[in-house]
Amino acid sequence: MGATTACIAGEEVYRQWQAGSIRGTSLGSRQTPFGPSGDLFLVEGEGQPFYLLPRYGVGMGKTAPSRINYRANIYALKDMGTRCILAWGSGGAITHSFAVGDIVILNDLIDQTRLRIGTFFENSPLGFLRQFPVFCPSMRRVVAEVLHDMKLVYHGTGTAAVTEGPRLETPAEVRWLTSIGAEVVTHTFVPEVFLARELQMCYIGVCYVVNYAETGSRQPPFIGGGLFAALDPNAGNNRLAGVLGSITQIASNVADALEKTDANCECARTLAHYTKEYNLGDDWRTWFDKVQ
Ligand SMILES: [Zn+2]
């Protein structure tokens, strides 16, 4: 049995899988015209099944954000029947309104990446697409309801700056990001969100705050500290540990809720204008060759 919802997340879920706390089927990597995807899993609990795709791997096998094959990952999920993607990423708070352990349902982002291929359509006009709304409004509503029901602390909106990584930002960069409207800084969600739109999928980016971005300030909460100190299980930050431990349960609840929700978004029609204009046909797998 397949699934229509996918969860893309980080190292935490991979560790949970290895520890046996997530049940399901390991599907391995999937071949695509853009190369092999990352390892995929089908999580089968009590509710709707969903695909799980850990972005980076773990430990010394962890891939830098610039080197992820995002196109293969998004293509593979679409190819397996995914309609909706719930994407998780860690972030550093820039605004004083966010605290470590908070969850931020993103509604906008500032792309500061430089080395990633951000389109499936490098040699055709199909990637010339609006980016408003950036994230699927139907999924944003569903995720907010799930987080509310689970009594987790979340913010219903947030603008993320996405930097290239893997290094973190300098104090001057963080101060600049603040000045251009970013509220949290991360290395994730780009180009996944743009690629998902090109394949007419619903996508939502949800950030969990793991640290305070370094501004060089000596005043709390932006005073310097250990990198990802809040992720240390001995640090006593139970709220963040609770969020990380809940990621797959949240995904399961979101998959259940999506199954019962009529999507009133336009995500499944983002290329409708082009498919008509260029007579592309219904099989999205053929779009890549026809106009290139
Ligand atoms: Zn949508």
# chains A, B, ... in the order shown; residues from 1 in each chain; ligands from 1
>>> residues_near_ligand(ligand="ligand 1", cutoff="10 Å", atoms="only C-alpha atoms and all ligand atoms", output="list in words")
Arg83, Cys84, Ile85, Pro133, Phe135, Cys136, Pro137, Ser138, Met139, Arg140, Arg197, Gln200, Met201, Cys202, Tyr203, Ile204, Ala263, Asn264, Cys265, Glu266, Cys267, Ala268, Arg269 and Thr270 of chain A
>>> write_last_selection(atoms="C-alpha atoms", output="mmCIF file, in the first residue's frame")
data_model
loop_
_atom_site.group_PDB
_atom_site.id
_atom_site.type_symbol
_atom_site.label_atom_id
_atom_site.label_comp_id
_atom_site.auth_asym_id
_atom_site.auth_seq_id
_atom_site.Cartn_x
_atom_site.Cartn_y
_atom_site.Cartn_z
ATOM 1 C CA ARG A 83 0.417 14.782 -3.278
ATOM 2 C CA CYS A 84 1.384 16.601 -0.063
ATOM 3 C CA ILE A 85 4.814 17.133 1.498
ATOM 4 C CA PRO A 133 1.500 31.775 -1.791
ATOM 5 C CA PHE A 135 3.583 27.376 0.933
ATOM 6 C CA CYS A 136 0.333 25.476 0.513
ATOM 7 C CA PRO A 137 -2.424 27.326 2.412
ATOM 8 C CA SER A 138 -4.499 24.155 2.885
ATOM 9 C CA MET A 139 -1.593 22.319 4.511
ATOM 10 C CA ARG A 140 -0.752 25.341 6.674
ATOM 11 C CA ARG A 197 5.521 23.521 -7.029
ATOM 12 C CA GLN A 200 2.166 20.494 -8.757
ATOM 13 C CA MET A 201 2.436 19.165 -5.210
ATOM 14 C CA CYS A 202 1.316 20.729 -1.936
ATOM 15 C CA TYR A 203 4.338 21.602 0.235
ATOM 16 C CA ILE A 204 4.667 23.143 3.670
ATOM 17 C CA ALA A 263 -7.910 20.834 -0.411
ATOM 18 C CA ASN A 264 -9.016 24.252 -1.570
ATOM 19 C CA CYS A 265 -5.586 25.238 -2.863
ATOM 20 C CA GLU A 266 -4.295 25.707 -6.397
ATOM 21 C CA CYS A 267 -1.124 23.621 -5.892
ATOM 22 C CA ALA A 268 -2.275 20.801 -8.183
ATOM 23 C CA ARG A 269 -2.779 23.285 -11.026
ATOM 24 C CA THR A 270 0.348 25.441 -10.939
#
>>> select_by_dssp(residues="segment 60-232 of chain A", states="strand (DSSP E or B)", output="NGL selection string")
:A and (84-93 or 103-105 or 108-112 or 154-155 or 159-163 or 184-186 or 202-212)
>>> closest_residue(among="A:Phe34, A:Tyr274, A:Phe194, A:Phe50", to="Ser124 of chain A", atoms="only C-alpha atoms")
A:Tyr274
>>> closest_residue(among="A:Leu195, A:Ala144, A:Ala9, A:Ala160", to="Phe128 of chain A", atoms="only C-alpha atoms")
A:Leu195
>>> residues_around(residues="Gly89 of chain A", least_positions_apart="3", cutoff="7 Å", atoms="only C-alpha atoms", output="list of chain:residue names")
A:Ala9, A:Gly10, A:Thr188, A:Val206, A:Cys207, A:Tyr208
>>> closest_residue(among="A:Val104, A:Val185, A:Ala196, A:Ala76", to="Val243 of chain A", atoms="only C-alpha atoms")
A:Val104
>>> closest_residue(among="A:Val193, A:Leu129, A:Ile94, A:Glu198", to="Val174 of chain A", atoms="only C-alpha atoms")
A:Ile94
>>> closest_residue(among="A:Gln112, A:Thr4, A:Asp289, A:Arg141", to="Trp176 of chain A", atoms="only C-alpha atoms")
A:Gln112
